[in-house]
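J.: Quick one, protein.cif (mmCIF, C-alpha atoms):
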```
data_structure
loop_
_atom_site.label_atom_id
_atom_site.label_comp_id
_atom_site.auth_asym_id
_atom_site.auth_seq_id
_atom_site.Cartn_x
_atom_site.Cartn_y
_atom_site.Cartn_z
CA MET S 1 25.31 10.18 23.70
CA ILE S 2 23.34 12.30 26.14
CA ALA S 3 22.00 10.38 29.14
CA ALA S 4 18.34 9.63 28.55
CA SER S 5 17.45 11.01 31.98
CA LEU S 6 18.69 14.44 30.85
CA VAL S 7 16.57 14.52 27.73
CA GLU S 8 13.70 16.98 27.99
CA ASP S 9 10.13 15.84 27.39
CA SER S 10 9.83 18.34 24.54
CA GLU S 11 12.80 16.69 22.80
CA ILE S 12 11.15 13.30 23.09
CA ILE S 13 7.92 14.63 21.61
CA LYS S 14 9.92 16.32 18.86
CA ALA S 15 11.71 13.06 18.15
CA PHE S 16 8.36 11.32 17.75
CA VAL S 17 7.27 13.92 15.22
CA GLU S 18 10.54 14.17 13.29
CA ASN S 19 12.28 10.82 13.55
CA GLY S 20 9.47 8.35 13.88
CA ALA S 21 8.59 6.05 16.72
CA ASP S 22 11.71 3.87 16.96
CA ARG S 23 14.25 6.37 18.19
CA ALA S 24 11.73 8.42 20.14
CA SER S 25 10.32 5.38 21.89
CA SER S 26 13.82 4.34 22.95
CA LEU S 27 14.35 7.80 24.44
CA LEU S 28 11.04 7.69 26.24
CA VAL S 29 11.63 4.22 27.69
CA ARG S 30 15.20 4.95 28.72
CA LYS S 31 14.21 8.12 30.50
CA TYR S 32 11.23 6.76 32.38
CA ARG S 33 11.88 3.01 32.66
CA LYS S 34 12.76 3.08 36.37
CA PHE S 35 9.86 5.33 37.23
CA VAL S 36 7.30 3.25 35.35
CA PHE S 37 8.71 -0.04 36.62
CA ALA S 38 8.81 1.17 40.23
CA THR S 39 5.25 2.44 39.96
CA ALA S 40 4.06 -0.88 38.54
CA LEU S 41 6.00 -2.78 41.20
CA ARG S 42 4.34 -0.84 44.01
CA PHE S 43 0.92 -1.72 42.70
CA THR S 44 1.55 -5.33 41.73
CA ASN S 45 4.25 -6.38 44.23
CA SER S 46 5.53 -8.73 41.56
CA TYR S 47 8.60 -8.22 39.41
CA ASP S 48 7.14 -10.24 36.55
CA ASP S 49 3.88 -8.32 36.55
CA ALA S 50 5.73 -5.02 36.91
CA ASP S 51 7.90 -5.91 33.92
CA ASP S 52 4.89 -6.83 31.82
CA ILE S 53 2.88 -3.77 32.82
CA SER S 54 5.88 -1.50 32.23
CA GLN S 55 6.18 -2.76 28.66
CA GLU S 56 2.46 -2.43 28.11
CA SER S 57 2.43 1.09 29.58
CA PHE S 58 5.17 2.26 27.24
CA ILE S 59 3.52 0.65 24.23
CA LYS S 60 0.23 2.31 25.10
CA ALA S 61 1.98 5.65 25.53
CA ILE S 62 3.91 5.32 22.26
CA GLU S 63 0.82 4.31 20.33
CA SER S 64 -1.19 7.20 21.67
CA ILE S 65 1.55 9.84 21.85
CA GLN S 66 -0.39 11.98 19.38
CA LYS S 67 -3.10 12.29 22.03
CA PHE S 68 -0.62 13.76 24.50
CA ARG S 69 -1.49 17.45 24.65
CA GLY S 70 1.26 18.58 26.96
CA GLU S 71 -1.14 19.70 29.68
CA SER S 72 0.80 17.58 32.15
CA SER S 73 4.34 16.23 32.07
CA LEU S 74 5.15 12.99 30.30
CA LYS S 75 5.91 11.55 33.74
CA THR S 76 2.41 12.37 35.00
CA TRP S 77 0.89 10.98 31.82
CA LEU S 78 2.93 7.77 32.09
CA TYR S 79 2.03 7.46 35.76
CA ARG S 80 -1.68 7.57 34.93
CA ILE S 81 -1.31 5.01 32.14
CA THR S 82 0.71 2.68 34.39
CA ARG S 83 -1.62 3.10 37.33
CA ASN S 84 -4.68 2.35 35.21
CA LEU S 85 -3.05 -0.74 33.72
CA CYS S 86 -2.06 -1.90 37.20
CA ILE S 87 -5.59 -1.46 38.51
CA THR S 88 -6.98 -3.38 35.53
CA GLN S 89 -4.39 -6.12 36.06
CA MET S 90 -5.16 -6.32 39.77
CA ARG S 91 -8.87 -6.63 39.08
CA LYS S 92 -8.22 -9.42 36.60
CA LYS S 93 -5.98 -11.22 39.06
CA LYS S 94 -8.51 -10.84 41.79
CA PHE S 95 -11.20 -12.24 39.53
CA TYR S 96 -9.08 -15.20 38.36
CA SER S 97 -7.90 -15.90 41.90
CA LEU S 98 -11.50 -16.79 42.71
CA PHE S 99 -11.14 -19.78 40.40
CA SER S 100 -7.59 -20.76 41.26
CA SER S 101 -5.92 -21.94 44.43
CA GLU S 102 -2.43 -21.45 43.02
CA SER S 103 -0.31 -18.83 44.69
CA ASP S 104 1.80 -16.39 42.74
CA GLU S 105 5.37 -17.48 43.22
CA SER S 106 6.81 -14.14 42.22
CA TYR S 107 4.62 -12.18 44.62
CA LEU S 108 6.82 -10.02 46.81
CA GLU S 109 9.72 -12.15 45.81
CA VAL S 110 13.14 -10.58 46.06
CA PRO S 111 15.43 -12.65 43.88
CA MET S 112 18.28 -13.85 46.04
CA ASP S 113 20.51 -14.81 43.16
CA GLU S 114 20.33 -11.30 41.73
CA ALA S 115 21.37 -9.55 44.90
CA SER S 116 24.92 -8.36 45.00
CA ALA S 117 27.43 -10.54 46.81
CA GLU S 118 28.20 -7.86 49.37
CA THR S 119 24.64 -7.42 50.49
CA LYS S 120 24.23 -8.82 53.95
CA ILE S 121 21.40 -11.18 54.79
CA GLU S 122 20.00 -8.87 57.42
CA ASN S 123 19.89 -6.02 54.97
CA GLU S 124 17.99 -8.22 52.56
CA GLU S 125 15.59 -9.10 55.33
CA PHE S 126 15.11 -5.44 56.16
CA GLU S 127 14.59 -4.62 52.52
CA ARG S 128 12.01 -7.38 52.18
CA ASN S 129 10.17 -6.12 55.23
CA PHE S 130 10.24 -2.59 53.96
CA VAL S 131 8.77 -3.60 50.61
CA LYS S 132 6.13 -5.69 52.34
CA ILE S 133 5.10 -2.92 54.74
CA LEU S 134 5.11 -0.36 51.96
CA ALA S 135 2.84 -2.63 49.92
CA GLU S 136 0.44 -2.85 52.84
CA LEU S 137 -0.02 0.89 53.13
CA PRO S 138 -3.22 2.43 51.77
CA GLU S 139 -2.76 3.32 48.10
CA LYS S 140 -2.77 7.10 48.52
CA GLN S 141 -0.22 6.96 51.35
CA ARG S 142 1.97 4.47 49.50
CA GLU S 143 1.91 6.44 46.25
CA THR S 144 2.50 9.76 47.96
CA PHE S 145 5.43 8.30 49.88
CA ALA S 146 6.97 6.64 46.82
CA LEU S 147 6.56 9.62 44.54
CA ARG S 148 7.93 12.03 47.12
CA TYR S 149 10.65 9.89 48.73
CA PHE S 150 11.92 7.81 45.81
CA GLU S 151 11.00 9.93 42.82
CA GLU S 152 11.62 13.23 44.63
CA LEU S 153 8.68 14.88 42.92
CA SER S 154 7.21 18.15 44.10
CA TYR S 155 3.86 18.15 45.86
CA ASP S 156 2.36 19.98 42.91
CA GLU S 157 3.45 17.24 40.52
CA ILE S 158 2.20 14.51 42.83
CA SER S 159 -1.07 16.37 43.25
CA LYS S 160 -1.60 16.27 39.48
CA MET S 161 -0.75 12.58 39.38
CA VAL S 162 -2.86 11.26 42.20
CA GLY S 163 -5.52 13.96 42.33
CA VAL S 164 -5.10 14.92 45.99
CA SER S 165 -4.57 18.44 47.36
CA VAL S 166 -1.09 19.46 48.53
CA GLY S 167 -2.30 19.59 52.15
CA GLY S 168 -3.78 16.10 51.81
CA LEU S 169 -0.54 14.84 50.30
CA LYS S 170 1.51 16.20 53.18
CA ALA S 171 -0.79 14.48 55.65
CA ASN S 172 -0.55 11.24 53.66
CA TYR S 173 3.21 11.52 53.51
CA PHE S 174 3.46 11.92 57.26
CA GLN S 175 1.11 8.98 57.85
CA ALA S 176 3.13 6.77 55.52
CA VAL S 177 6.48 7.72 57.06
CA GLN S 178 5.13 7.24 60.56
CA LYS S 179 3.65 3.80 59.79
CA LEU S 180 6.79 2.60 58.01
CA SER S 181 8.94 3.85 60.83
CA LYS S 182 6.87 2.18 63.56
CA ARG S 183 6.48 -1.13 61.74
CA LEU S 184 10.12 -1.38 60.75
CA LYS S 185 11.23 -0.49 64.25
CA MET S 186 9.19 -3.38 65.59
CA GLU S 187 10.57 -5.91 63.08
CA MET E 1 3.26 28.23 52.69
CA ASN E 2 4.05 31.50 54.42
CA LEU E 3 5.50 30.97 57.86
CA ASN E 4 6.39 33.55 60.39
CA LYS E 5 9.64 32.61 62.10
CA SER E 6 8.45 34.06 65.42
CA GLU E 7 5.19 32.08 65.38
CA PHE E 8 4.93 28.56 66.68
CA LEU E 9 3.57 26.06 64.24
CA ASP E 10 0.60 24.01 65.33
CA TYR E 11 0.84 20.30 65.85
CA LYS E 12 -0.85 19.33 62.60
CA LEU E 13 1.37 21.58 60.55
CA MET E 14 4.42 20.21 62.35
CA GLN E 15 3.34 16.68 61.44
CA MET E 16 2.90 17.67 57.80
CA LEU E 17 6.37 19.15 57.68
CA LEU E 18 8.08 16.37 59.62
CA PRO E 19 8.99 13.98 56.75
CA ASP E 20 10.38 16.76 54.59
CA TYR E 21 12.33 18.08 57.57
CA VAL E 22 13.85 14.65 58.29
CA PHE E 23 14.68 13.95 54.63
CA GLY E 24 16.03 17.43 54.03
CA THR E 25 13.50 18.43 51.40
CA ILE E 26 12.11 21.38 53.32
CA SER E 27 12.67 25.04 52.46
CA GLU E 28 14.97 27.11 54.60
CA GLU E 29 12.09 29.23 55.85
CA GLN E 30 10.04 26.20 56.82
CA LYS E 31 13.06 24.56 58.43
CA LEU E 32 13.59 27.54 60.74
CA ALA E 33 9.93 27.70 61.66
CA PHE E 34 9.89 23.97 62.26
CA GLU E 35 12.99 24.02 64.48
CA ASN E 36 11.65 26.96 66.43
CA SER E 37 8.44 25.10 67.17
CA LEU E 38 9.91 21.66 67.77
CA PRO E 39 10.81 22.12 71.50
CA ASN E 40 7.07 22.47 72.16
CA TYR E 41 6.37 18.95 70.87
CA PRO E 42 8.46 16.29 72.65
CA ASP E 43 6.53 13.42 71.06
CA LEU E 44 7.45 14.75 67.63
CA GLN E 45 11.09 14.89 68.69
CA LEU E 46 10.87 11.17 69.46
CA GLU E 47 9.11 10.60 66.20
CA ILE E 48 11.91 12.33 64.34
CA ALA E 49 14.52 10.17 66.08
CA ASP E 50 12.65 6.98 65.11
CA VAL E 51 12.21 8.05 61.52
CA ARG E 52 15.87 8.98 61.22
CA ALA E 53 17.00 5.63 62.64
CA VAL E 54 14.78 3.58 60.37
CA PHE E 55 15.27 5.60 57.23
CA HIS E 56 19.01 5.62 57.76
CA ARG E 57 18.78 1.94 56.85
CA VAL E 58 16.26 2.53 54.12
CA GLU E 59 18.61 5.01 52.50
CA LYS E 60 21.30 2.35 52.43
CA MET E 61 19.05 0.08 50.45
CA ASP E 62 19.90 0.15 46.82
CA PHE E 63 16.44 0.16 45.34
CA ASN E 64 17.69 2.18 42.47
CA LYS E 65 20.27 -0.46 41.62
CA LEU E 66 17.67 -3.22 41.74
CA ILE E 67 15.20 -1.29 39.59
CA ASP E 68 18.02 -0.38 37.23
CA TYR E 69 18.96 -4.03 36.91
CA LYS E 70 15.36 -5.07 36.38
CA THR E 71 14.72 -2.49 33.68
CA LYS E 72 18.00 -2.51 31.80
CA ASN E 73 16.47 -4.35 28.82
CA LEU E 74 13.06 -2.70 28.99
CA SER E 75 13.72 -0.51 25.96
CA VAL E 76 14.62 -3.56 23.85
CA LYS E 77 11.60 -5.49 25.12
CA VAL E 78 9.25 -2.60 24.33
CA ASN E 79 10.70 -2.20 20.83
CA GLU E 80 10.41 -5.93 20.16
CA ARG E 81 6.84 -5.96 21.36
CA LEU E 82 6.02 -2.90 19.28
CA HIS E 83 7.50 -4.51 16.15
CA GLN E 84 5.64 -7.75 16.80
CA ARG E 85 2.43 -5.81 17.21
CA ARG E 86 3.03 -3.82 14.03
CA GLU E 87 3.86 -6.97 12.07
CA SER E 88 0.74 -8.57 13.39
CA ASP E 89 -1.28 -5.47 12.45
CA ASP E 90 0.33 -5.40 9.00
CA PHE E 91 -0.47 -9.06 8.48
CA SER E 92 -4.07 -8.51 9.55
CA LEU E 93 -4.30 -5.53 7.22
CA LYS E 94 -2.82 -7.49 4.32
CA LEU E 95 -5.11 -10.37 5.09
CA ARG E 96 -8.08 -8.03 5.10
CA LYS E 97 -6.92 -6.39 1.87
CA LEU E 98 -6.63 -9.77 0.16
CA PHE E 99 -9.43 -11.51 1.92
CA VAL E 100 -12.24 -9.06 1.20
CA PRO E 101 -11.66 -8.84 -2.59
CA ALA E 102 -11.05 -12.59 -2.72
CA ILE E 103 -14.37 -13.19 -1.03
CA GLY E 104 -16.00 -10.79 -3.50
CA VAL E 105 -14.46 -12.52 -6.50
CA ALA E 106 -15.37 -15.91 -5.10
CA ALA E 107 -18.95 -14.78 -4.47
CA VAL E 108 -19.26 -13.46 -8.01
CA ALA E 109 -17.71 -16.65 -9.40
CA ILE E 110 -20.03 -18.82 -7.34
CA PHE E 111 -22.97 -16.73 -8.46
CA PHE E 112 -22.12 -17.16 -12.12
CA ILE E 113 -21.25 -20.84 -11.81
CA TYR E 114 -24.42 -21.54 -9.90
CA PHE E 115 -26.68 -19.69 -12.29
CA SER E 116 -24.93 -20.89 -15.40
CA ASN E 117 -25.39 -24.44 -14.13
CA LEU E 118 -29.04 -23.78 -13.52
CA PHE E 119 -29.29 -22.22 -16.91
CA ASN E 120 -27.53 -25.10 -18.63
CA GLU E 121 -29.38 -27.80 -16.75
CA SER E 122 -32.81 -26.32 -17.20
CA ASN E 123 -32.92 -24.78 -20.63
CA GLU E 124 -29.61 -25.27 -22.43
CA PHE E 125 -29.86 -21.62 -23.51
CA TYR E 126 -26.13 -21.37 -24.06
CA ILE E 127 -26.79 -22.71 -27.54
CA LEU E 128 -28.36 -19.38 -28.34
CA LYS E 129 -25.06 -17.57 -28.28
CA ASN E 130 -24.03 -18.75 -31.66
CA SER E 131 -27.18 -20.15 -32.95
CA ASP E 132 -29.68 -19.28 -35.57
CA LYS E 133 -33.39 -19.20 -35.29
CA ASP E 134 -33.72 -22.94 -35.77
CA ASN E 135 -31.55 -23.50 -32.75
CA ILE E 136 -33.75 -21.18 -30.71
CA ALA E 137 -36.76 -23.07 -31.84
CA ALA E 138 -35.07 -26.37 -31.02
CA VAL E 139 -34.17 -25.20 -27.55
CA LEU E 140 -37.68 -23.99 -26.91
CA SER E 141 -39.18 -27.19 -28.09
CA GLU E 142 -36.82 -29.32 -26.01
CA SER E 143 -37.29 -27.24 -22.90
CA ASN E 144 -38.78 -29.12 -19.97
CA PHE E 145 -41.31 -26.50 -19.15
CA LEU E 146 -42.18 -25.07 -22.52
CA ASP E 147 -44.74 -26.44 -24.74
CA VAL E 148 -43.85 -24.89 -28.05
CA THR E 149 -44.46 -26.37 -31.42
CA VAL E 150 -41.95 -25.09 -33.87
CA ASP E 151 -42.63 -25.02 -37.53
CA GLU E 152 -42.17 -22.57 -40.36
CA LYS E 153 -45.37 -20.75 -39.46
CA THR E 154 -44.38 -20.11 -35.91
CA ASN E 155 -43.49 -16.48 -35.64
CA VAL E 156 -40.37 -15.21 -33.94
CA GLY E 157 -42.32 -13.00 -31.56
CA ASP E 158 -43.85 -16.11 -30.04
CA TYR E 159 -40.44 -17.65 -29.54
CA LEU E 160 -39.20 -14.60 -27.81
CA SER E 161 -42.33 -14.27 -25.72
CA GLU E 162 -41.76 -17.78 -24.49
CA LEU E 163 -38.17 -17.03 -23.71
CA MET E 164 -39.19 -13.89 -21.83
CA ASP E 165 -41.70 -15.90 -19.85
CA ILE E 166 -38.97 -18.23 -18.67
CA GLY E 167 -37.29 -15.16 -17.30
CA SER E 168 -33.83 -15.89 -18.58
CA LEU E 169 -33.88 -14.07 -21.81
CA SER E 170 -32.82 -10.60 -20.83
CA HIS E 171 -29.09 -11.17 -20.71
CA ASN E 172 -29.17 -13.06 -23.95
CA ASN E 173 -31.39 -10.66 -25.83
CA THR E 174 -28.58 -9.32 -27.94
CA GLN E 175 -27.39 -12.73 -28.99
CA ILE E 176 -30.89 -13.91 -29.71
CA ILE E 177 -31.76 -10.85 -31.72
CA ASP E 178 -28.42 -11.04 -33.54
CA SER E 179 -29.20 -14.61 -34.41
CA LEU E 180 -32.63 -13.72 -35.54
CA PHE E 181 -31.36 -10.88 -37.67
CA ALA E 182 -28.80 -13.20 -39.18
CA ASP E 183 -31.10 -15.99 -40.18
CA SER E 184 -34.57 -14.56 -40.30
CA GLY E 185 -36.72 -12.67 -42.72
CA LEU E 186 -36.63 -9.66 -40.48
CA LEU E 187 -35.12 -7.47 -43.13
CA ASN E 188 -38.02 -8.21 -45.42
CA GLU E 189 -40.36 -6.67 -42.91
CA ILE E 190 -38.66 -3.31 -42.75
CA ASP E 191 -41.01 -1.84 -45.29
CA ASN E 192 -43.98 -2.56 -43.04
CA VAL E 193 -42.89 -0.55 -40.06
CA ASN E 194 -42.69 3.15 -39.36
CA GLU E 195 -39.66 5.30 -40.11
CA SER E 196 -38.32 5.57 -36.58
CA ASP E 197 -38.34 1.83 -36.06
CA LYS E 198 -36.74 1.38 -39.46
CA GLN E 199 -33.86 3.61 -38.51
CA ILE E 200 -33.26 1.82 -35.24
CA THR E 201 -33.44 -1.50 -36.98
CA SER E 202 -31.06 -0.38 -39.71
CA GLN E 203 -28.66 0.73 -37.04
CA GLU E 204 -28.93 -2.69 -35.40
CA VAL E 205 -28.37 -4.37 -38.71
CA ASN E 206 -25.38 -2.22 -39.63
CA ASN E 207 -23.81 -2.71 -36.23
CA ASN E 208 -24.16 -6.45 -36.39
CA PRO E 209 -21.50 -8.17 -38.51
CA ASN E 210 -23.46 -11.37 -38.50
CA VAL E 211 -26.42 -9.91 -40.30
CA ARG E 212 -26.91 -11.42 -43.62
CA SER E 213 -28.85 -9.63 -46.35
CA ASP E 214 -30.27 -12.91 -47.60
CA ALA E 215 -32.08 -13.67 -44.37
CA ALA E 216 -34.39 -16.61 -44.25
CA ASN E 217 -37.96 -16.19 -45.34
CA TYR E 218 -39.85 -16.08 -42.13
CA ASN E 219 -43.00 -14.09 -41.99
CA PHE E 220 -42.70 -11.24 -39.54
CA ASN E 221 -45.49 -8.97 -38.76
CA GLU E 222 -45.11 -5.47 -37.36
CA GLU E 223 -45.93 -6.58 -33.84
CA ASP E 224 -43.07 -9.09 -33.84
CA PHE E 225 -40.77 -6.48 -35.12
CA LYS E 226 -41.69 -3.99 -32.42
CA PHE E 227 -41.27 -6.67 -29.81
CA LEU E 228 -37.75 -7.30 -30.99
CA LEU E 229 -36.95 -3.63 -30.99
CA GLU E 230 -38.28 -3.18 -27.47
CA GLY E 231 -36.21 -6.08 -26.28
CA SER E 232 -33.16 -4.63 -27.92
CA GLU E 233 -33.77 -1.15 -26.46
CA ASN E 234 -34.33 -2.52 -22.98
CA GLU E 235 -31.09 -4.37 -23.24
CA ASN E 236 -29.30 -1.17 -24.20
#
```
What do you get writing this file as structure tokens?
T.:
Amino acid sequence: MIAASLVEDSEIIKAFVENGADRASSLLVRKYRKFVFATALRFTNSYDDADDISQESFIKAIESIQKFRGESSLKTWLYRITRNLCITQMRKKKFYSLFSSESDESYLEVPMDEASAETKIENEEFERNFVKILAELPEKQRETFALRYFEELSYDEISKMVGVSVGGLKANYFQAVQKLSKRLKME
Amino acid sequence: MNLNKSEFLDYKLMQMLLPDYVFGTISEEQKLAFENSLPNYPDLQLEIADVRAVFHRVEKMDFNKLIDYKTKNLSVKVNERLHQRRESDDFSLKLRKLFVPAIGVAAVAIFFIYFSNLFNESNEFYILKNSDKDNIAAVLSESNFLDVTVDEKTNVGDYLSELMDIGSLSHNNTQIIDSLFADSGLLNEIDNVNESDKQITSQEVNNNPNVRSDAANYNFNEEDFKFLLEGSENEN
């Protein structure tokens, strides 16, 4: 079996047309699961919410795949779907939080029991700080950093995703790296 | 971005290139230009050292492994959710497919039951289905809101006029007229009407198995006859 990450977008679209949704949707999810989950996680800062939004994003994409016109990559399209769902979710949470004093237990939670045995406590602390500081960055800086650093996307691709010029992205990237570096150095 | 290796990059441009330079995602041309300009910006040299130190640790973090672990069943979850949604949609569709006609049938049934009850309770017109003229007369005379005196001189046109006035005759016209043809002296009146009406009436008579040639001796006039024909035509 070919690794899902190596499957071209055009093959996934073709699979939707020729083989029906089941196989094609598996290909789509397997190829982009980490990307969609990571995107959702950056917006929600909650593993549970990220998991839920990831599922919803894929379902929305699968159900409206016929609307995908190929003007952007599937990754860009999925990013937009995920981002929109995250924003909707955040608005809902913000609204409901007005009527509830309960705190979200899974917020920024790094599950200790799921960390590998070899991971040192200080590394976990550093990781937690990094995630926290990253979450505190302005959205454009955070997204530019994540898409460039983690997803290794080109500036052109990121520009299509977040709707910022390449020059603006480079400035955002520098700002994000500088802030992360300074804050983490202080911790 | 076109960079001249001999030119020094300005501070802003250096800042914009810094992350890509540190993380090794810069082009060779940009790298050379960046390195040529870097001695002019000592604060950026410090910045680069800080970023390298911090991101050396960040690069050790296994985010990918964590995300991989968190999403390993995502495909299964999405498929399950899709199937649940489809089943739910199918059920709703089936429900709609069954529900709408069922409502229609129920509405029609209720309509008929309701009106047949009204019909039965008020006038007992169901008797007319298989009745003869005497039954019609009996029904009319027993009706709560009709004041009809039935005797041998009463003409059929009057009976029917009364029935029409009640407003419930139309759907029973055929049965009534059949009954009247069967047991009345209608056939005796054929000679008194014009040719066209005769033909229509003959057709009615021939098409009706219940018509008896020895119909009862009621006195029909031409007006009654025409009334019956009109009723029959309207029904058709």
J.: Expand the PyMOL selection byres ((chain S and resi 143) around 10) into the explicit residue set it covers here, and present it as an NGL selection string.
T.: :S and (39 or 42-43 or 134-135 or 137-142 or 144-149 or 158 or 161-162 or 169 or 172-173 or 176)
J.: Find the residues of chain S that sit at most 6 Å from chain E; for each, write down the nearest two atoms and how far apart they are in Å, to one decimal. Count only C-alpha atoms. Sort by chain, then by number going up, and give it as CSV.
T.:
```
residue,atom,partner,partner_atom,distance
S:Ser26,CA,E:Ser75,CA,5.7
S:Val29,CA,E:Ser75,CA,5.5
S:Lys34,CA,E:Ile67,CA,6.0
S:Gln55,CA,E:Val78,CA,5.3
S:Lys170,CA,E:Met16,CA,5.0
S:Ala171,CA,E:Met16,CA,5.3
S:Phe174,CA,E:Met16,CA,5.8
S:Ser181,CA,E:Val51,CA,5.4
```
J.: Let's have the selection written as a JSON list (two decimals), keeping the file's coordinate frame, with C-alpha atoms.
T.:
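Result went into part.json, see below:
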```json
[["chain", "number", "residue", "atom", "x", "y", "z"],
["S", 26, "SER", "CA", 13.82, 4.34, 22.95],
["S", 29, "VAL", "CA", 11.63, 4.22, 27.69],
["S", 34, "LYS", "CA", 12.76, 3.08, 36.37],
["S", 55, "GLN", "CA", 6.18, -2.76, 28.66],
["S", 170, "LYS", "CA", 1.51, 16.20, 53.18],
["S", 171, "ALA", "CA", -0.79, 14.48, 55.65],
["S", 174, "PHE", "CA", 3.46, 11.92, 57.26],
["S", 181, "SER", "CA", 8.94, 3.85, 60.83]]
```
J.: Written as a PyMOL selection string, what is the full residue list that the PyMOL selection byres ((chain S and resi 70-72) around 12) yields on the file shown?
T.: chain S and resi 9-10+12-13+65-69+73-80+156-161
J.: How many Å separate atom CA of E:Val100 from atom CA of E:Ser88?
T.: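 The value is 17.8 Å.
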J.: What's the separation between atom CA of S:Gln175 and atom CA of S:Lys93, in Å to one decimal place?
T.: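 Distance reported for this atom pair: 28.5 Å.
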J.: Please, what distance in Å, to one decimal, runs between atom CA of S:Gln89 and atom CA of S:Gln178?
T.: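 Atom-to-atom, atom CA of S:Gln89 and atom CA of S:Gln178 are spaced 29.5 Å apart.
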J.: Would you mind telling me which residue in S:Ser64, S:Ser25, S:Ser57, S:Thr88 lies nearest to S:Thr44 when using all atoms listed in the file?
T.: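 Closest to S:Thr44, using all atoms listed in the file: S:Thr88.
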J.: Considering all atoms listed in the file, return as a PDB file with C-alpha atoms, in the frame of the given file whatever protein or nucleic-acid residues lie within 7 Å of S:Phe37, sequence-local ones (same chain, fewer than 2 positions apart) excluded.
T.:
```pdb
ATOM      1  CA  ARG S  33      11.880   3.010  32.660  1.00  0.00           C
ATOM      2  CA  LYS S  34      12.760   3.080  36.370  1.00  0.00           C
ATOM      3  CA  PHE S  35       9.860   5.330  37.230  1.00  0.00           C
ATOM      4  CA  THR S  39       5.250   2.440  39.960  1.00  0.00           C
ATOM      5  CA  ALA S  40       4.060  -0.880  38.540  1.00  0.00           C
ATOM      6  CA  LEU S  41       6.000  -2.780  41.200  1.00  0.00           C
ATOM      7  CA  ALA S  50       5.730  -5.020  36.910  1.00  0.00           C
ATOM      8  CA  ASP S  51       7.900  -5.910  33.920  1.00  0.00           C
ATOM      9  CA  SER S  54       5.880  -1.500  32.230  1.00  0.00           C
TER      10      SER S  54
END
```
